[in-house]
$ cat final-v3.pdb   # PDB, C-alpha atoms, pLDDT in the B column
ATOM      1  CA  MET M   1      -2.862   1.283  22.832  1.00 67.00           C
ATOM      2  CA  PRO M   2      -0.208  -0.239  20.561  1.00 86.00           C
ATOM      3  CA  VAL M   3       3.316   0.820  21.460  1.00 90.00           C
ATOM      4  CA  PHE M   4       5.928   0.762  18.706  1.00 92.00           C
ATOM      5  CA  GLN M   5       9.089   0.440  20.796  1.00 94.00           C
ATOM      6  CA  PHE M   6      12.664   0.543  19.507  1.00 95.00           C
ATOM      7  CA  ASN M   7      15.383  -0.058  22.106  1.00 91.00           C
ATOM      8  CA  PRO M   8      17.690   0.756  20.382  1.00 90.00           C
ATOM      9  CA  PRO M   9      16.620   1.426  16.790  1.00 94.00           C
ATOM     10  CA  GLU M  10      18.894   0.549  13.892  1.00 94.00           C
ATOM     11  CA  ARG M  11      17.916   3.931  12.472  1.00 94.00           C
ATOM     12  CA  PHE M  12      15.858   6.882  13.782  1.00 95.00           C
ATOM     13  CA  ILE M  13      15.511   9.951  11.575  1.00 95.00           C
ATOM     14  CA  ALA M  14      13.356  12.914  10.654  1.00 94.00           C
ATOM     15  CA  GLY M  15      12.627  13.264   6.962  1.00 94.00           C
ATOM     16  CA  THR M  16      10.206  14.730   4.436  1.00 93.00           C
ATOM     17  CA  VAL M  17       8.247  13.796   1.374  1.00 93.00           C
ATOM     18  CA  GLY M  18       7.340  16.482  -1.172  1.00 89.00           C
ATOM     19  CA  GLN M  19       8.639  19.809  -2.390  1.00 84.00           C
ATOM     20  CA  PRO M  20       9.441  22.784  -0.129  1.00 80.00           C
ATOM     21  CA  GLY M  21       6.198  24.531   0.712  1.00 78.00           C
ATOM     22  CA  ASP M  22       4.260  21.277   0.343  1.00 82.00           C
ATOM     23  CA  ARG M  23       6.281  18.829   2.463  1.00 90.00           C
ATOM     24  CA  THR M  24       5.033  16.160   4.824  1.00 94.00           C
ATOM     25  CA  PHE M  25       7.314  15.619   7.824  1.00 96.00           C
ATOM     26  CA  PHE M  26       7.987  12.148   9.232  1.00 96.00           C
ATOM     27  CA  LEU M  27       9.763  10.555  12.159  1.00 96.00           C
ATOM     28  CA  GLN M  28      10.875   7.093  11.121  1.00 96.00           C
ATOM     29  CA  ALA M  29      12.231   4.304  13.305  1.00 96.00           C
ATOM     30  CA  VAL M  30      13.733   1.154  11.800  1.00 95.00           C
ATOM     31  CA  GLY M  31      14.718  -2.004  13.656  1.00 94.00           C
ATOM     32  CA  GLU M  32      14.159  -5.739  13.945  1.00 91.00           C
ATOM     33  CA  GLY M  33      12.764  -5.935  10.406  1.00 91.00           C
ATOM     34  CA  ARG M  34      10.055  -3.323  10.924  1.00 93.00           C
ATOM     35  CA  ILE M  35       9.572   0.297   9.908  1.00 95.00           C
ATOM     36  CA  THR M  36       7.412   2.753  11.846  1.00 95.00           C
ATOM     37  CA  SER M  37       6.686   6.103  10.196  1.00 96.00           C
ATOM     38  CA  VAL M  38       4.675   8.818  11.929  1.00 96.00           C
ATOM     39  CA  VAL M  39       3.581  12.181  10.507  1.00 96.00           C
ATOM     40  CA  LEU M  40       4.072  15.429  12.379  1.00 95.00           C
ATOM     41  CA  GLU M  41       4.299  19.157  11.798  1.00 95.00           C
ATOM     42  CA  LYS M  42       7.461  21.050  10.872  1.00 92.00           C
ATOM     43  CA  ALA M  43       7.296  23.003  14.137  1.00 93.00           C
ATOM     44  CA  GLN M  44       7.135  19.735  16.105  1.00 96.00           C
ATOM     45  CA  VAL M  45      10.285  18.434  14.379  1.00 96.00           C
ATOM     46  CA  GLU M  46      12.118  21.696  15.095  1.00 95.00           C
ATOM     47  CA  ALA M  47      10.983  21.798  18.732  1.00 96.00           C
ATOM     48  CA  LEU M  48      11.938  18.154  19.302  1.00 97.00           C
ATOM     49  CA  ALA M  49      15.420  18.602  17.829  1.00 96.00           C
ATOM     50  CA  THR M  50      16.025  21.763  19.843  1.00 97.00           C
ATOM     51  CA  ARG M  51      14.835  20.144  23.075  1.00 97.00           C
ATOM     52  CA  VAL M  52      17.012  17.049  22.482  1.00 96.00           C
ATOM     53  CA  GLU M  53      20.071  19.292  22.235  1.00 95.00           C
ATOM     54  CA  GLU M  54      19.032  21.236  25.357  1.00 95.00           C
ATOM     55  CA  LEU M  55      18.412  17.979  27.258  1.00 95.00           C
ATOM     56  CA  LEU M  56      21.864  16.646  26.377  1.00 93.00           C
ATOM     57  CA  GLU M  57      23.500  19.928  27.426  1.00 93.00           C
ATOM     58  CA  GLU M  58      21.681  19.738  30.773  1.00 93.00           C
ATOM     59  CA  VAL M  59      22.709  16.089  31.261  1.00 91.00           C
ATOM     60  CA  TYR M  60      26.352  16.940  30.522  1.00 89.00           C
ATOM     61  CA  ARG M  61      26.194  19.922  32.879  1.00 90.00           C
ATOM     62  CA  ARG M  62      24.711  17.922  35.754  1.00 88.00           C
ATOM     63  CA  PHE M  63      26.309  14.500  35.374  1.00 82.00           C
ATOM     64  CA  GLY M  64      29.223  14.936  32.993  1.00 82.00           C
ATOM     65  CA  ALA M  65      29.513  12.991  29.768  1.00 75.00           C
ATOM     66  CA  PRO M  66      27.602   9.685  29.910  1.00 71.00           C
ATOM     67  CA  PRO M  67      29.717   6.519  29.575  1.00 65.00           C
ATOM     68  CA  ASP M  68      28.124   5.659  26.203  1.00 66.00           C
ATOM     69  CA  ASP M  69      28.716   9.014  24.497  1.00 67.00           C
ATOM     70  CA  THR M  70      30.276   7.839  21.245  1.00 74.00           C
ATOM     71  CA  VAL M  71      29.868  10.134  18.271  1.00 73.00           C
ATOM     72  CA  VAL M  72      27.457   8.653  15.742  1.00 79.00           C
ATOM     73  CA  PRO M  73      27.868   9.741  12.135  1.00 79.00           C
ATOM     74  CA  GLU M  74      24.924  11.758  10.879  1.00 79.00           C
ATOM     75  CA  ASP M  75      22.520   9.781   8.688  1.00 82.00           C
ATOM     76  CA  ASP M  76      21.786  11.757   5.499  1.00 84.00           C
ATOM     77  CA  GLY M  77      20.020   8.930   3.658  1.00 87.00           C
ATOM     78  CA  PRO M  78      16.408   9.072   2.485  1.00 90.00           C
ATOM     79  CA  LEU M  79      13.469   7.671   4.426  1.00 91.00           C
ATOM     80  CA  GLU M  80      13.096   3.901   4.209  1.00 91.00           C
ATOM     81  CA  GLN M  81      10.576   2.640   1.670  1.00 90.00           C
ATOM     82  CA  PRO M  82       7.686   1.998   1.751  1.00 88.00           C
ATOM     83  CA  ILE M  83       6.635   5.116   3.652  1.00 90.00           C
ATOM     84  CA  GLU M  84       3.305   4.237   5.222  1.00 92.00           C
ATOM     85  CA  GLN M  85       1.898   6.549   7.877  1.00 93.00           C
ATOM     86  CA  ASP M  86       1.247   4.625  11.100  1.00 93.00           C
ATOM     87  CA  PHE M  87      -0.353   7.647  12.790  1.00 93.00           C
ATOM     88  CA  ARG M  88      -0.263  11.450  13.104  1.00 95.00           C
ATOM     89  CA  VAL M  89       1.603  12.781  16.139  1.00 95.00           C
ATOM     90  CA  GLY M  90      -0.236  14.957  18.621  1.00 93.00           C
ATOM     91  CA  THR M  91       2.050  14.917  21.655  1.00 93.00           C
ATOM     92  CA  LEU M  92       5.823  14.562  21.930  1.00 95.00           C
ATOM     93  CA  ALA M  93       7.639  13.664  25.131  1.00 95.00           C
ATOM     94  CA  LEU M  94      11.330  13.643  25.931  1.00 95.00           C
ATOM     95  CA  ALA M  95      13.108  12.097  28.920  1.00 95.00           C
ATOM     96  CA  TRP M  96      16.517  11.040  30.184  1.00 93.00           C
ATOM     97  CA  ASP M  97      16.938   7.530  31.631  1.00 92.00           C
ATOM     98  CA  ALA M  98      19.915   8.002  33.980  1.00 89.00           C
ATOM     99  CA  GLU M  99      20.315   4.270  34.741  1.00 90.00           C
ATOM    100  CA  ALA M 100      20.539   3.262  31.088  1.00 90.00           C
ATOM    101  CA  ALA M 101      22.110   6.572  29.958  1.00 89.00           C
ATOM    102  CA  ARG M 102      19.552   6.885  27.177  1.00 93.00           C
ATOM    103  CA  VAL M 103      17.390   9.627  25.707  1.00 95.00           C
ATOM    104  CA  ILE M 104      13.782   8.502  25.417  1.00 96.00           C
ATOM    105  CA  ILE M 105      11.634  10.076  22.708  1.00 96.00           C
ATOM    106  CA  GLU M 106       7.944   9.335  22.722  1.00 96.00           C
ATOM    107  CA  ALA M 107       5.481  10.386  20.024  1.00 95.00           C
ATOM    108  CA  GLN M 108       1.817   9.883  20.863  1.00 95.00           C
ATOM    109  CA  GLU M 109      -1.022   9.783  18.356  1.00 94.00           C
ATOM    110  CA  ILE M 110      -3.165  12.905  18.116  1.00 89.00           C
ATOM    111  CA  ASP M 111      -6.421  12.728  20.062  1.00 81.00           C
ATOM    112  CA  GLU M 112      -9.100  13.197  17.407  1.00 71.00           C
ATOM    113  CA  THR M 113     -11.841  13.470  20.052  1.00 64.00           C
ATOM    114  CA  ALA M 114     -10.265  16.438  21.872  1.00 56.00           C
ATOM    115  CA  GLY M 115     -12.450  18.936  20.039  1.00 49.00           C
ATOM    116  CA  GLU M 116     -15.734  17.095  20.559  1.00 44.00           C
ATOM    117  CA  GLU M 117     -18.374  18.435  22.932  1.00 44.00           C
ATOM    118  CA  LEU M 118     -18.370  17.102  26.461  1.00 43.00           C
ATOM    119  CA  LEU M 119     -21.198  14.740  27.305  1.00 42.00           C
ATOM    120  CA  GLU M 120     -23.518  15.987  30.029  1.00 45.00           C
ATOM    121  CA  ASP M 121     -25.502  12.860  30.893  1.00 44.00           C
ATOM    122  CA  GLU M 122     -23.756  10.731  33.568  1.00 44.00           C
ATOM    123  CA  GLU M 123     -24.690   7.477  31.831  1.00 46.00           C
ATOM    124  CA  GLU M 124     -23.163   8.740  28.612  1.00 44.00           C
ATOM    125  CA  LEU M 125     -20.012   9.754  30.511  1.00 40.00           C
ATOM    126  CA  GLU M 126     -19.590   6.219  31.886  1.00 45.00           C
ATOM    127  CA  VAL M 127     -20.050   4.658  28.437  1.00 42.00           C
ATOM    128  CA  PHE M 128     -17.652   7.187  26.943  1.00 39.00           C
ATOM    129  CA  ALA M 129     -15.018   6.422  29.603  1.00 41.00           C
ATOM    130  CA  GLU M 130     -15.251   2.688  28.870  1.00 45.00           C
ATOM    131  CA  GLU M 131     -14.897   3.259  25.140  1.00 44.00           C
ATOM    132  CA  ALA M 132     -12.130   5.838  25.371  1.00 41.00           C
ATOM    133  CA  PRO M 133     -10.163   5.850  22.139  1.00 53.00           C
ATOM    134  CA  HIS M 134      -6.736   4.256  22.209  1.00 77.00           C
ATOM    135  CA  ARG M 135      -3.732   6.179  21.045  1.00 86.00           C
ATOM    136  CA  ASP M 136      -0.720   4.644  19.370  1.00 92.00           C
ATOM    137  CA  VAL M 137       2.734   5.473  20.711  1.00 95.00           C
ATOM    138  CA  LEU M 138       6.199   5.433  19.143  1.00 95.00           C
ATOM    139  CA  ARG M 139       8.888   5.089  21.833  1.00 96.00           C
ATOM    140  CA  VAL M 140      12.574   5.214  20.925  1.00 97.00           C
ATOM    141  CA  TYR M 141      15.626   4.819  23.200  1.00 96.00           C
ATOM    142  CA  LEU M 142      18.761   6.563  21.891  1.00 94.00           C
ATOM    143  CA  THR M 143      22.335   6.818  23.069  1.00 92.00           C
ATOM    144  CA  PRO M 144      23.470  10.424  23.575  1.00 92.00           C
ATOM    145  CA  GLY M 145      25.516  10.255  20.361  1.00 91.00           C
ATOM    146  CA  ALA M 146      22.563   8.922  18.352  1.00 93.00           C
ATOM    147  CA  ALA M 147      20.275  11.578  19.876  1.00 94.00           C
ATOM    148  CA  ARG M 148      22.692  14.347  18.905  1.00 93.00           C
ATOM    149  CA  ALA M 149      22.931  12.948  15.340  1.00 93.00           C
ATOM    150  CA  PHE M 150      19.112  12.798  15.157  1.00 95.00           C
ATOM    151  CA  ALA M 151      18.808  16.429  16.292  1.00 95.00           C
ATOM    152  CA  GLY M 152      21.426  17.609  13.796  1.00 93.00           C
ATOM    153  CA  ARG M 153      19.685  15.941  10.868  1.00 94.00           C
ATOM    154  CA  ALA M 154      16.235  17.101  12.012  1.00 95.00           C
ATOM    155  CA  LEU M 155      17.365  20.741  12.109  1.00 94.00           C
ATOM    156  CA  LYS M 156      18.860  20.386   8.607  1.00 93.00           C
ATOM    157  CA  VAL M 157      15.587  18.924   7.317  1.00 93.00           C
ATOM    158  CA  VAL M 158      13.621  21.841   8.770  1.00 92.00           C
ATOM    159  CA  ALA M 159      16.060  24.411   7.331  1.00 88.00           C
ATOM    160  CA  ALA M 160      15.918  22.827   3.853  1.00 86.00           C
ATOM    161  CA  GLY M 161      12.511  24.387   3.183  1.00 79.00           C
ATOM    162  CA  ARG M 162      11.709  27.663   1.514  1.00 78.00           C
ATOM    163  CA  PRO M 163      13.904  30.612   2.504  1.00 78.00           C
ATOM    164  CA  ASP M 164      12.345  33.297   4.688  1.00 78.00           C
ATOM    165  CA  CYS M 165      11.644  36.841   3.501  1.00 82.00           C
ATOM    166  CA  PRO M 166      14.288  39.156   5.012  1.00 80.00           C
ATOM    167  CA  LEU M 167      11.618  41.759   5.793  1.00 79.00           C
ATOM    168  CA  CYS M 168       8.642  39.870   7.210  1.00 80.00           C
ATOM    169  CA  GLY M 169      10.095  36.452   7.997  1.00 75.00           C
ATOM    170  CA  ARG M 170       7.382  34.550   6.106  1.00 77.00           C
ATOM    171  CA  PRO M 171       8.419  31.830   3.639  1.00 77.00           C
ATOM    172  CA  LEU M 172       9.126  32.995   0.098  1.00 76.00           C
ATOM    173  CA  ASP M 173       7.039  31.247  -2.545  1.00 74.00           C
ATOM    174  CA  PRO M 174       8.609  30.487  -5.934  1.00 71.00           C
ATOM    175  CA  ALA M 175       5.419  31.858  -7.550  1.00 73.00           C
ATOM    176  CA  GLY M 176       5.830  35.211  -5.788  1.00 72.00           C
ATOM    177  CA  HIS M 177       5.596  36.762  -2.371  1.00 73.00           C
ATOM    178  CA  ILE M 178       3.505  39.685  -1.199  1.00 75.00           C
ATOM    179  CA  CYS M 179       5.374  41.094   1.760  1.00 78.00           C
ATOM    180  CA  VAL M 180       3.235  42.827   4.372  1.00 72.00           C
ATOM    181  CA  ARG M 181       6.177  45.075   5.297  1.00 71.00           C
ATOM    182  CA  GLN M 182       6.307  46.576   1.799  1.00 70.00           C
ATOM    183  CA  ASN M 183       2.683  47.763   1.874  1.00 68.00           C
ATOM    184  CA  GLY M 184       2.389  47.034  -1.810  1.00 56.00           C
ATOM    185  CA  TYR M 185       5.252  49.388  -2.756  1.00 57.00           C
ATOM    186  CA  ARG M 186       7.660  47.739  -5.177  1.00 56.00           C
ATOM    187  CA  PRO M 187      10.398  49.982  -6.625  1.00 57.00           C
ATOM    188  CA  ASP M 188      10.799  47.774  -9.715  1.00 58.00           C
ATOM    189  CA  ARG M 189       7.276  48.729 -10.830  1.00 54.00           C
ATOM    190  CA  LEU M 190       7.905  52.486 -10.974  1.00 51.00           C
ATOM    191  CA  VAL M 191       7.943  53.961 -14.435  1.00 48.00           C
TER     192      VAL M 191
END
$ encode --input "final-v3.pdb" --output "structure tokens"
Amino acid sequence: MPVFQFNPPERFIAGTVGQPGDRTFFLQAVGEGRITSVVLEKAQVEALATRVEELLEEVYRRFGAPPDDTVVPEDDGPLEQPIEQDFRVGTLALAWDAEAARVIIEAQEIDETAGEELLEDEEELEVFAEEAPHRDVLRVYLTPGAARAFAGRALKVVAAGRPDCPLCGRPLDPAGHICVRQNGYRPDRLV
């Protein structure tokens, strides 16, 4: 299981490629002359950013401001080129290292075998256990200020998509939107 570890990264951001409605979301870590880019879902980016902010609030509430709580300016630059997907994220983990006063973000590769049928033969189970697929991991250590800047940018990236319909909450498409709350009634079509 290769671990792409950045402690600390020179840059850690969430970004997208593509137009709203057809975007691919990335987490990208840059440091020591290497770039690691992993693909994830919009909901995962939003959940991670929200949880980072909640984690920092809890840390401040319990322990006070950490000693290394300098404000980091938000990074609004584009993703580093070339953007090559290292893996697709399945599981995200978040932790606080109290000794180092760092937020740890871990993104683990999706388990492609999770949906496969379970093997029933004991011999097959032993062989399967020995050949268990490895999963890549991206692990990033951030100061509280860098974590807050990451969360702020990530929430902006998520919000930069298509606006939501005020009635049903679904994204509005530039080509048109059929709102389930209107039941097909559109006053502009009355003659």
$ residues_around --input "final-v3.pdb" --residues "M:Arg135" --least-positions-apart "3" --cutoff "9 Å" --atoms "only C-alpha atoms" --output "ChimeraX atom specification"
/M:1-3,108-111
$ atom_distance --input "final-v3.pdb" --atom1 "atom CA of M:Arg11" --atom2 "atom CA of M:Asp76"
11.2 Å
$ resolve_selection --input "final-v3.pdb" --expression "the PyMOL selection byres ((chain M and resi 47-54) around 8)" --output "VMD selection string"
chain M and resid 43 to 46 55 to 58 92 94 147 to 148 150 to 152 154 to 155
$ closest_residue --input "final-v3.pdb" --among "M:Thr70, M:Asn7, M:Gln85, M:Thr143" --to "M:Leu40" --atoms "all atoms listed in the file"
M:Gln85
$ atom_distance --input "final-v3.pdb" --atom1 "atom CA of M:Glu80" --atom2 "atom CA of M:His134"
26.8 Å
$ closest_residue --input "final-v3.pdb" --among "M:Leu79, M:Leu142, M:Gly64, M:Pro73" --to "M:Ala95" --atoms "all atoms listed in the file"
M:Leu142
$ atom_distance --input "final-v3.pdb" --atom1 "atom CA of M:Asp75" --atom2 "atom CA of M:Thr91"
24.8 Å
$ resolve_selection --input "final-v3.pdb" --expression "the PyMOL selection byres ((chain M and resi 105) around 7)" --output "ChimeraX atom specification"
/M:93-95,103-104,106-107,139-141
$ resolve_selection --input "final-v3.pdb" --expression "the PyMOL selection byres ((chain M and resi 22) around 12)" --output "list of chain:residue names"
M:Thr16, M:Val17, M:Gly18, M:Gln19, M:Pro20, M:Gly21, M:Arg23, M:Thr24, M:Phe25, M:Glu41, M:Lys42, M:Gly161, M:Arg162, M:Pro171, M:Asp173, M:Pro174
$ closest_residue --input "final-v3.pdb" --among "M:Val30, M:Arg102, M:Trp96, M:Gln182" --to "M:Pro82" --atoms "all atoms listed in the file"
M:Val30
$ closest_residue --input "final-v3.pdb" --among "M:Gly176, M:Gly15, M:Pro78, M:Pro9" --to "M:Val38" --atoms "only C-alpha atoms"
M:Gly15
$ axis_aligned_box --input "final-v3.pdb" --around "stretch 100-108 of chain M" --padding-each-side "4 Å" --output "lines of an AutoDock Vina configuration file"
center_x = 12.0
center_y = 6.8
center_z = 25.6
size_x = 28.3
size_y = 15.1
size_z = 19.1
$ residues_near_point --input "final-v3.pdb" --point "(10.9, 5.5, 8.2)" --cutoff "7 Å" --atoms "only C-alpha atoms" --output "list in words"
Leu27, Gln28, Ala29, Val30, Ile35, Thr36, Ser37, Leu79, Glu80 and Ile83 of chain M
$ closest_residue --input "final-v3.pdb" --among "M:Asp86, M:Asp97, M:Gly31, M:Glu74" --to "M:Lys156" --atoms "only C-alpha atoms"
M:Glu74
